[in-house]
Structures are given as C-alpha cells and as structure tokens.
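> One structure is given below, represented as structure tokens, and several questions about it will come after.
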Amino acid sequence: MKMIIAIIRDNDNDPVTQGLISSGFRVTRIASTGGFLRRGSTTLIIGVSEEKLDEAIQVIKTNTSTPEDANMKRATLFVLNVEHFAQI
Amino acid sequence: MKMIIAIIRDNDNDPVTQGLISSGFRVTRIASTGGFLRRGSTTLIIGVSEEKLDEAIQVIKTNTSTPEDANMKRATLFVLNVEHFAQI
Amino acid sequence: MKMIIAIIRDNDNDPVTQGLISSGFRVTRIASTGGFLRRGSTTLIIGVSEEKLDEAIQVIKTNTSTPEDANMKRATLFVLNVEHFAQI
C-alpha cells in the first residue's frame with residue numbers, strides 16, 4: 001500500500017477528484033495554501049495499492065489543466081510507503 | 001516512531017480526540033472532505049511509539065460510532081514509519 | 001527525498017514560512033488544531049532532499065518564538081521517507 005500526497009491547484013480540485021473517484025480511488029481533500037503568493041491549493045490524500053500507483057498518477061495528470069504561468073507546475077506528488085492500512 | 005493518519009467522520013471527532021488525549025496521545029486535527037458526497041471528515045495526525053500503536057488504534061475504534069450507512073466505515077487508518085521525530 | 005511534517009503555532013506561521021521560502025524550500029500550509037485546548041496550529045508539508053534536511057529544520061527552529069507556557073514546545077517535527085517525488 002502506498003499513499004499519494006498530491007498538491008494541486010484549486011481550479012483542478014473537482015476534475016481531479018471526480019477522475020480519481022470514477023477510477024475507483026478513494027480521496028480525502030484538504031484545503032491548503034502554498035508558495036510566495038499564498039495561492040489556494042488542495043492537498044489530496046490517496047491510498048492506493050502498489051499496482052495502481054501509476055494509474056492514479058496518470059489520472060491526476062490527465063485531469064489537471066496547464067497553468068497560465070509557465071513557471072508553475074500542475075501538481076506536486078509525494079509517494080509514501082504505508083506500513084499498515086485498515087478500514088475499521 | 002510511527003504516524004497514524006486517521007480519517008474519521010466529523011461526528012466522531014470529539015470523542016476520538018478526547019479518547020486519544022485521555023490515553024496520553026497527541027493529536028493534530030485537520031478539517032477534510034471525502035468521497036462522492038463530499039461529506040465532512042476529520043483527518044487526524046497522531047505520532048505514536050511502535051509499542052503504543054495498537055492501543056491508539058483501539059482507542060480510535062472504541063470512540064467511533066457505527067455509521068448508519070452500512071457501506072461506510074468508521075475510520076480509515078494509514079500507519080507510516082517516522083524516520084525522525086523531534087519536538088523543539 | 002524526505003518530507004517534513006511540521007506542526008507549529010499559528011503565531012509562527014508567517015516567519016517560518018517566509019524563512020523556508022527565502023532559503024529555497026517549498027512549503028504547503030494547512031490549518032489545524034491541536035491539544036487539549038484546541039489551539040490553532042499550522043501544519044506544514046515540506047519536501048526536502050536528504051542533504052537539506054538539517055538546514056530546513058534549523059530554519060524552522062530559528063523562526064519559531066519561545067512559547068509563554070514553558071510546557072509547550074515550539075514545533076513538532078516528523079520526518080518521513082518519500083519513495084517517489086514528482087512535479088508534473
């Protein structure tokens with residue numbers, strides 16, 4: 001099990017979340033801010049099996065728009081190892 | 001040292017947090033939303049020593065209510081390894 | 001690549017964030033609450049290369065104020081291993 005922590009721009013929140021849910025992923029959304037200008041961002045927590053990791057990243061990629069500012073990125077992704085996962 | 005990231009329903013926020021604090025755990029709470037219906041949820045960050053891990057999970061279990069919707073779970077738990085922990 | 005999850009007091013949010021950005025670190029800020037009294041806190045997510053880890057922690061230390069309450073800490077820091085990092 002892996003955890004993706006994805007930081008995306010607010011604009012992309014709905015398409016990314018819908019895309020992930022449609023593909024069967026579970027997403028938790030957290031409001032965040034980032035960078036110099038304190039732009040609003042959304043931090044997503046996505047639990048994913050190792051074999052689905054690339055698919056989840058691809059869904060995020062497909063559903064983020066190209067930033068107007070060429071210096072900005074669509075998304076920042078961290079993949080962490082999950083030692084134990086449970087739904088109780 | 002381990003980190004539990006627990007996603008619980010808003011209703012259970014107070015009993016779970018109080019339960020954890022009463023048992024000597026330190027909790028950080030973050031407002032979040034999850035799932036199709038964008039239900040409000042709470043994301044808890046709990047730093048815990050390895051030997052206290054099961055106890056912390058048990059406290060969460062004990063203090064979450066049974067969801068009305070039988071398809072819902074009480075809580076989603078991710079346990080991550082913490083390489084370094086410091087209070088400064 | 002490492003991820004620092006730093007929980008700081010709200011008062012220290014601006015100096016810590018500015019300090020980190022000035023030193024070239026990227027920070028994502030999340031509003032949180034912690035402890036018995038539900039004091040407002042800020043949870044920072046900082047992606048950092050292993051060789052910059054100590055510098056980032058030092059910047060946090062330098063930019064947090066001494067709590068009035070001697071029982072409180074300036075900051076709680078968790079360092080996690082990042083298996084994969086991408087900006088897309």
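By convention in this document, the chains of the structure tokens carry letters A, B, ... by their order, each chain's residues are numbered from 1, and ligands are numbered from 1 in the order they are shown.
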Residues of chain B that have any atom at most 9 Å from an atom of chain C: could you tabulate them with the shortest-distance atom pair and the distance in Å to one decimal, using only C-alpha atoms, ordered by chain and increasing number, as a tab-separated table?

residue	atom	partner	partner_atom	distance
B:Met3	CA	C:Phe78	CA	8.3
B:Thr17	CA	C:Gly35	CA	8.8
B:Gln18	CA	C:Phe36	CA	8.0
B:Ile21	CA	C:Phe36	CA	7.2
B:Arg26	CA	C:Gly35	CA	6.6
B:Val27	CA	C:Gly34	CA	6.0
B:Thr28	CA	C:Gly34	CA	4.6
B:Arg29	CA	C:Thr33	CA	5.2
B:Ile30	CA	C:Ser32	CA	4.8
B:Ala31	CA	C:Ser32	CA	7.3
B:Gly47	CA	C:Phe78	CA	8.2
B:Leu80	CA	C:Leu80	CA	7.9
B:Asn81	CA	C:Leu80	CA	6.8
B:Val82	CA	C:Leu80	CA	5.2
B:Glu83	CA	C:Leu80	CA	5.5
B:His84	CA	C:Val79	CA	5.0
B:Phe85	CA	C:Phe78	CA	4.7
B:Ala86	CA	C:Leu77	CA	5.1
B:Gln87	CA	C:Thr76	CA	4.5
B:Ile88	CA	C:Ala75	CA	5.4
> Please, could you write that set of residues out with all heavy atoms as a short mmCIF file (atom, residue, chain, number, x, y, z; two decimals), in the first residue's frame?

data_model
loop_
_atom_site.label_atom_id
_atom_site.label_comp_id
_atom_site.auth_asym_id
_atom_site.auth_seq_id
_atom_site.Cartn_x
_atom_site.Cartn_y
_atom_site.Cartn_z
N MET B 3 3.52 7.19 12.56
CA MET B 3 2.48 8.21 12.42
C MET B 3 1.21 7.54 11.94
O MET B 3 1.22 6.81 10.94
CB MET B 3 2.90 9.27 11.40
CG MET B 3 1.78 10.26 11.10
SD MET B 3 2.23 11.42 9.78
CE MET B 3 3.36 12.46 10.67
N THR B 17 -10.91 12.33 19.65
CA THR B 17 -9.81 13.19 20.10
C THR B 17 -9.68 13.15 21.62
O THR B 17 -8.56 13.02 22.16
CB THR B 17 -10.05 14.63 19.64
OG1 THR B 17 -10.28 14.62 18.23
CG2 THR B 17 -8.86 15.51 19.93
N GLN B 18 -10.82 13.26 22.32
CA GLN B 18 -10.76 13.21 23.79
C GLN B 18 -10.22 11.87 24.27
O GLN B 18 -9.43 11.80 25.21
CB GLN B 18 -12.15 13.46 24.39
CG GLN B 18 -12.63 14.90 24.21
CD GLN B 18 -11.64 15.95 24.68
OE1 GLN B 18 -11.01 15.79 25.72
NE2 GLN B 18 -11.43 17.00 23.90
N ILE B 21 -6.44 11.84 23.72
CA ILE B 21 -5.74 12.73 24.67
C ILE B 21 -5.76 12.12 26.08
O ILE B 21 -4.75 12.10 26.78
CB ILE B 21 -6.35 14.14 24.65
CG1 ILE B 21 -6.03 14.83 23.31
CG2 ILE B 21 -5.85 14.98 25.81
CD1 ILE B 21 -6.72 16.16 23.09
N ARG B 26 -0.95 12.41 21.49
CA ARG B 26 -1.01 13.77 20.98
C ARG B 26 -1.64 13.74 19.59
O ARG B 26 -1.24 12.96 18.74
CB ARG B 26 0.39 14.37 20.85
CG ARG B 26 1.02 14.59 22.21
CD ARG B 26 2.43 15.15 22.05
NE ARG B 26 2.75 16.01 23.16
CZ ARG B 26 2.45 17.29 23.25
NH1 ARG B 26 1.85 17.91 22.23
NH2 ARG B 26 2.76 17.98 24.31
N VAL B 27 -2.58 14.61 19.39
CA VAL B 27 -3.35 14.58 18.15
C VAL B 27 -3.35 15.95 17.50
O VAL B 27 -3.53 16.96 18.17
CB VAL B 27 -4.83 14.23 18.45
CG1 VAL B 27 -5.59 13.96 17.17
CG2 VAL B 27 -4.94 13.08 19.41
N THR B 28 -3.20 15.98 16.20
CA THR B 28 -3.42 17.20 15.43
C THR B 28 -4.59 16.94 14.51
O THR B 28 -4.65 15.90 13.83
CB THR B 28 -2.16 17.56 14.61
OG1 THR B 28 -1.09 17.77 15.53
CG2 THR B 28 -2.37 18.81 13.79
N ARG B 29 -5.54 17.87 14.49
CA ARG B 29 -6.77 17.70 13.72
C ARG B 29 -6.81 18.61 12.51
O ARG B 29 -6.51 19.80 12.63
CB ARG B 29 -7.97 18.08 14.59
CG ARG B 29 -8.50 16.94 15.39
CD ARG B 29 -9.59 17.43 16.28
NE ARG B 29 -9.03 18.22 17.36
CZ ARG B 29 -9.74 18.62 18.41
NH1 ARG B 29 -11.02 18.33 18.49
NH2 ARG B 29 -9.18 19.31 19.37
N ILE B 30 -7.23 18.07 11.40
CA ILE B 30 -7.34 18.84 10.16
C ILE B 30 -8.72 18.59 9.56
O ILE B 30 -9.15 17.43 9.45
CB ILE B 30 -6.24 18.41 9.18
CG1 ILE B 30 -4.85 18.75 9.75
CG2 ILE B 30 -6.44 19.07 7.81
CD1 ILE B 30 -3.69 18.19 8.95
N ALA B 31 -9.39 19.66 9.18
CA ALA B 31 -10.69 19.50 8.52
C ALA B 31 -10.47 19.00 7.11
O ALA B 31 -9.60 19.48 6.38
CB ALA B 31 -11.42 20.84 8.49
N GLY B 47 1.24 11.01 16.35
CA GLY B 47 2.58 10.42 16.48
C GLY B 47 2.57 9.45 17.64
O GLY B 47 2.09 9.78 18.72
N LEU B 80 2.28 5.09 8.97
CA LEU B 80 3.53 5.40 8.25
C LEU B 80 4.71 5.30 9.22
O LEU B 80 4.55 5.55 10.42
CB LEU B 80 3.47 6.83 7.69
CG LEU B 80 2.23 7.21 6.86
CD1 LEU B 80 2.34 8.68 6.42
CD2 LEU B 80 2.07 6.32 5.65
N ASN B 81 5.85 4.98 8.67
CA ASN B 81 7.06 4.97 9.50
C ASN B 81 7.61 6.39 9.61
O ASN B 81 7.67 7.11 8.62
CB ASN B 81 8.12 4.06 8.88
CG ASN B 81 9.31 3.91 9.79
OD1 ASN B 81 9.17 3.61 10.97
ND2 ASN B 81 10.50 4.15 9.25
N VAL B 82 7.98 6.79 10.80
CA VAL B 82 8.59 8.11 11.01
C VAL B 82 10.10 7.90 11.18
O VAL B 82 10.54 7.20 12.09
CB VAL B 82 8.01 8.80 12.26
CG1 VAL B 82 8.72 10.11 12.53
CG2 VAL B 82 6.52 9.02 12.09
N GLU B 83 10.87 8.48 10.28
CA GLU B 83 12.33 8.28 10.34
C GLU B 83 12.95 9.08 11.46
O GLU B 83 13.96 8.68 12.05
CB GLU B 83 12.96 8.71 9.02
CG GLU B 83 12.59 7.79 7.88
CD GLU B 83 13.61 7.85 6.77
OE1 GLU B 83 14.34 8.86 6.67
OE2 GLU B 83 13.67 6.88 5.99
N HIS B 84 12.37 10.24 11.70
CA HIS B 84 12.94 11.12 12.71
C HIS B 84 11.81 11.93 13.31
O HIS B 84 10.92 12.40 12.59
CB HIS B 84 13.96 12.05 12.04
CG HIS B 84 14.60 13.02 12.98
ND1 HIS B 84 15.38 12.63 14.03
CD2 HIS B 84 14.55 14.37 13.03
CE1 HIS B 84 15.79 13.71 14.68
NE2 HIS B 84 15.31 14.78 14.08
N PHE B 85 11.83 12.04 14.62
CA PHE B 85 10.80 12.80 15.32
C PHE B 85 11.48 13.77 16.27
O PHE B 85 12.45 13.39 16.94
CB PHE B 85 9.91 11.84 16.12
CG PHE B 85 8.94 12.53 17.04
CD1 PHE B 85 7.82 13.18 16.55
CD2 PHE B 85 9.18 12.55 18.41
CE1 PHE B 85 6.93 13.83 17.41
CE2 PHE B 85 8.29 13.20 19.28
CZ PHE B 85 7.17 13.84 18.77
N ALA B 86 11.01 14.98 16.32
CA ALA B 86 11.61 15.94 17.26
C ALA B 86 10.58 16.93 17.73
O ALA B 86 9.70 17.34 16.96
CB ALA B 86 12.77 16.66 16.60
N GLN B 87 10.67 17.28 18.98
CA GLN B 87 9.93 18.42 19.49
C GLN B 87 10.97 19.45 19.88
O GLN B 87 11.87 19.16 20.68
CB GLN B 87 9.07 18.02 20.69
CG GLN B 87 7.87 17.19 20.23
CD GLN B 87 6.89 16.93 21.34
OE1 GLN B 87 7.25 16.31 22.34
NE2 GLN B 87 5.68 17.42 21.19
N ILE B 88 10.86 20.61 19.29
CA ILE B 88 11.91 21.61 19.51
C ILE B 88 11.35 22.82 20.26
O ILE B 88 10.16 22.96 20.37
CB ILE B 88 12.57 22.06 18.19
CG1 ILE B 88 11.51 22.67 17.24
CG2 ILE B 88 13.27 20.90 17.52
CD1 ILE B 88 12.09 23.24 15.96
#
> When DSSP is applied to the backbone of this structure, which of chain B are assigned strand (DSSP E)? Write them out as a ChimeraX atom specification.
/B:2-9,26-34,39-48,75-81,84-87
> Determine which residues of chain C receive a DSSP assignment of alpha helix (DSSP H), computed from the backbone, and state them as an MDAnalysis selection string.
chainID C and resid 13:22 53:62
> Could you save the residues just selected, with C-alpha atoms, as a CSV table (one decimal), in the first residue's frame?

chain,number,residue,atom,x,y,z
C,13,ASN,CA,3.3,30.7,10.6
C,14,ASP,CA,4.5,33.7,8.7
C,15,PRO,CA,8.1,33.9,9.9
C,16,VAL,CA,8.6,30.2,9.5
C,17,THR,CA,7.1,30.1,6.0
C,18,GLN,CA,9.0,33.2,4.8
C,19,GLY,CA,12.2,31.8,6.3
C,20,LEU,CA,11.7,28.5,4.5
C,21,ILE,CA,10.8,30.1,1.2
C,22,SER,CA,13.8,32.5,1.4
C,53,LEU,CA,17.0,18.3,5.9
C,54,ASP,CA,19.1,19.7,8.7
C,55,GLU,CA,19.0,23.1,7.1
C,56,ALA,CA,15.2,23.1,6.8
C,57,ILE,CA,14.9,22.0,10.5
C,58,GLN,CA,17.3,24.8,11.5
C,59,VAL,CA,15.2,27.4,9.6
C,60,ILE,CA,12.1,26.2,11.4
C,61,LYS,CA,13.9,26.4,14.8
C,62,THR,CA,15.3,29.9,14.1
> Using only C-alpha atoms, pick whichever of A:Arg9, A:Met1, A:Ile46, A:Lys52 has the shortest atom-to-atom distance to Glu68 of chain A.
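Checking each of A:Arg9, A:Met1, A:Ile46, A:Lys52 against Glu68 of chain A, counting only C-alpha atoms, the winner is A:Arg9.
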> Between atom CA of Phe25 of chain C and atom CA of Glu50 of chain C, what is the spacing in Å?
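Answer for the atom CA of Glu50 of chain C to atom CA of Phe25 of chain C separation: 12.6 Å.
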> Have a look at atom CA of Leu44 of chain C and atom CA of Asp10 of chain C and let me know their distance in Å, one decimal.
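Interatomic distance, atom CA of Leu44 of chain C to atom CA of Asp10 of chain C: 11.0 Å.
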